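K.L.:
First, the structure itself, so that you have it in front of you.
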Amino acid sequence: MVHNNALDTKVLGWLADDTAKLWREGRKVVIVTSGAVALGGVGKSGDVGVAAGKGMHRIVNVYDRLFRGHGMRAMEVLLNRNDFERAAGRSTLTKRIDNAFAEDVIAIVNENDVMSTAETTLGDNDALAARVACTINADTLILLSLENSNLRGKGGGNSKIDAIKMVESHNISALLVDGKQEHILRETIRDDTIGKNNVLRLKAMLRA
């Protein structure tokens, strides 16, 4: 939810409002975010990991402020490939998120770019979101796309299709919606028709 290297606080506010409403209805939500590197800005060292660390700190602080208004809190969860490939890592992730749920804390998840290497990186947040969904045995993965016109590009449609295939193989529903639409999370849970149709459209487009 970063636009022109700045947080889109309006969109984040809608997402926090929707998450809190769903939480009160008994639905638990985990948020996988992107944009930490762009938000942090690569400095004179050229170190992308440092930029990610700075940006993620800002993202979580904004989410925490927004959720405080609903009597909730946010926590940072940074992961890489190793966390999913070891049984102990998967177990720890599930335990931490379950305990956060019990304390009305929303997990804000991102790849651990500060410490990631070529061997441990997951590559994009669609893959990360899918792995988190499968690990915690989620009911639904909702992919919020901000670039519907560029779904053929890197990090676009192909990565989303891979994520969709992964969760569907674990009997998890996958939905794709416009992340900048007002209160889209709430509306998608109320009626998932658009999200399902977008998935079908994307699959058809990439087969063409």
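Here, A, B, ... name the chains of the structure tokens in the order displayed, residue numbers run from 1 inside each chain, and ligands are numbered from 1 in the same displayed order.
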Within 8 Å of region 61-71 of chain A, counting only C-alpha atoms, which residues show up once you throw out same-chain ones fewer than 5 positions away? Write them as number ranges by chain, please.
P.N.:
A: 12-13, 16-17, 20
K.L.:
Fewer than 6 positions away in the same chain doesn't count, so skip those; otherwise give me all residues within 10 Å of region 127-140 of chain A, counting only C-alpha atoms, as an NGL selection string.
P.N.:
:A and (27-33 or 79-81 or 84 or 89-91 or 93-95 or 97-98 or 109-111 or 121 or 155 or 159-175 or 189)
K.L.:
Only C-alpha atoms, please: the residues just picked out, written as a PDB file, in the first residue's frame.
P.N.:
```pdb
ATOM      1  CA  ARG A  27     -13.067 -13.804  11.626  1.00  0.00           C
ATOM      2  CA  LYS A  28      -9.299 -13.732  12.141  1.00  0.00           C
ATOM      3  CA  VAL A  29      -7.119 -11.835   9.679  1.00  0.00           C
ATOM      4  CA  VAL A  30      -3.381 -11.864   8.933  1.00  0.00           C
ATOM      5  CA  ILE A  31      -2.027  -9.064   6.731  1.00  0.00           C
ATOM      6  CA  VAL A  32       0.897  -9.671   4.369  1.00  0.00           C
ATOM      7  CA  THR A  33       2.293  -6.314   3.298  1.00  0.00           C
ATOM      8  CA  LEU A  79       9.886 -14.465   7.482  1.00  0.00           C
ATOM      9  CA  ASN A  80      12.034 -16.104   4.827  1.00  0.00           C
ATOM     10  CA  ARG A  81      12.158 -19.459   3.050  1.00  0.00           C
ATOM     11  CA  PHE A  84       8.635 -22.544   6.012  1.00  0.00           C
ATOM     12  CA  GLY A  89       9.629 -22.887  11.879  1.00  0.00           C
ATOM     13  CA  ARG A  90       6.118 -23.656  10.648  1.00  0.00           C
ATOM     14  CA  SER A  91       5.049 -24.707  14.140  1.00  0.00           C
ATOM     15  CA  LEU A  93       4.717 -19.331  13.144  1.00  0.00           C
ATOM     16  CA  THR A  94       1.362 -20.995  13.791  1.00  0.00           C
ATOM     17  CA  LYS A  95       1.826 -20.731  17.559  1.00  0.00           C
ATOM     18  CA  ILE A  97      -0.137 -16.084  15.255  1.00  0.00           C
ATOM     19  CA  ASP A  98      -2.592 -18.100  17.393  1.00  0.00           C
ATOM     20  CA  VAL A 109       3.849 -10.055   7.774  1.00  0.00           C
ATOM     21  CA  ASN A 110       6.627  -9.284   5.317  1.00  0.00           C
ATOM     22  CA  GLU A 111       9.678 -11.055   3.966  1.00  0.00           C
ATOM     23  CA  THR A 121      14.408 -15.269  -0.279  1.00  0.00           C
ATOM     24  CA  GLY A 155       5.292  -9.800  -9.578  1.00  0.00           C
ATOM     25  CA  SER A 159       3.173 -14.766  -9.296  1.00  0.00           C
ATOM     26  CA  LYS A 160      -0.495 -14.494  -8.378  1.00  0.00           C
ATOM     27  CA  ILE A 161      -1.357 -17.598 -10.365  1.00  0.00           C
ATOM     28  CA  ASP A 162       1.423 -19.501  -8.589  1.00  0.00           C
ATOM     29  CA  ALA A 163       0.065 -18.339  -5.223  1.00  0.00           C
ATOM     30  CA  ILE A 164      -3.489 -19.259  -6.194  1.00  0.00           C
ATOM     31  CA  LYS A 165      -2.435 -22.739  -7.313  1.00  0.00           C
ATOM     32  CA  MET A 166      -0.546 -23.293  -4.076  1.00  0.00           C
ATOM     33  CA  VAL A 167      -3.444 -22.444  -1.777  1.00  0.00           C
ATOM     34  CA  GLU A 168      -6.029 -24.215  -3.920  1.00  0.00           C
ATOM     35  CA  SER A 169      -3.935 -27.385  -3.638  1.00  0.00           C
ATOM     36  CA  HIS A 170      -4.456 -27.041   0.135  1.00  0.00           C
ATOM     37  CA  ASN A 171      -8.242 -26.544  -0.266  1.00  0.00           C
ATOM     38  CA  ILE A 172      -7.977 -22.829   0.535  1.00  0.00           C
ATOM     39  CA  SER A 173     -10.139 -20.427  -1.447  1.00  0.00           C
ATOM     40  CA  ALA A 174      -8.312 -17.740  -3.441  1.00  0.00           C
ATOM     41  CA  LEU A 175      -9.780 -14.352  -4.344  1.00  0.00           C
ATOM     42  CA  ILE A 189     -16.099 -11.275   2.594  1.00  0.00           C
TER      43      ILE A 189
END
```
K.L.:
Using DSSP on the backbone coordinates, identify all residues within region 3-130 of chain A classified as strand (DSSP E or B); present the result as a PyMOL selection string.
P.N.:
chain A and resi 3+6-7+31-32+73-79+105-111
K.L.:
Hey, can you check how far CA of Glu103 (chain A) sits from CA of Leu15 (chain A)?
P.N.:
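The value is 19.4 Å.
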K.L.:
Report as a PyMOL selection string all protein, DNA and RNA residues lying within 9 Å of Arg186 (chain A), evaluated on only C-alpha atoms, omitting residues in the same chain fewer than 5 positions from it.
P.N.:
chain A and resi 15+17-19+21-22+191
K.L.:
So which residues touch Asp47 (chain A) within 10 Å, counting only C-alpha atoms, skipping near sequence neighbours fewer than 6 positions away, as a PyMOL selection string?
P.N.:
chain A and resi 37+41+114
K.L.:
Which polymer residues have any atom within 9 Å of an atom of Val177 (chain A), counting only C-alpha atoms, with same-chain residues fewer than 6 positions away left out, as a list in words?
P.N.:
Ile142, Leu143, Leu144, Ser145, Leu146, Asn148, Ile184, Leu185, Thr188, Ile194, Gly195, Lys196, Asn198 and Val199 of chain A
K.L.:
Out of region 19-208 of chain A, which residues get alpha helix (DSSP H) from DSSP, as a PyMOL selection string?
P.N.:
chain A and resi 19-24+36-40+48-68+81-85+87-102+125-135+157-168+184-190+193-207
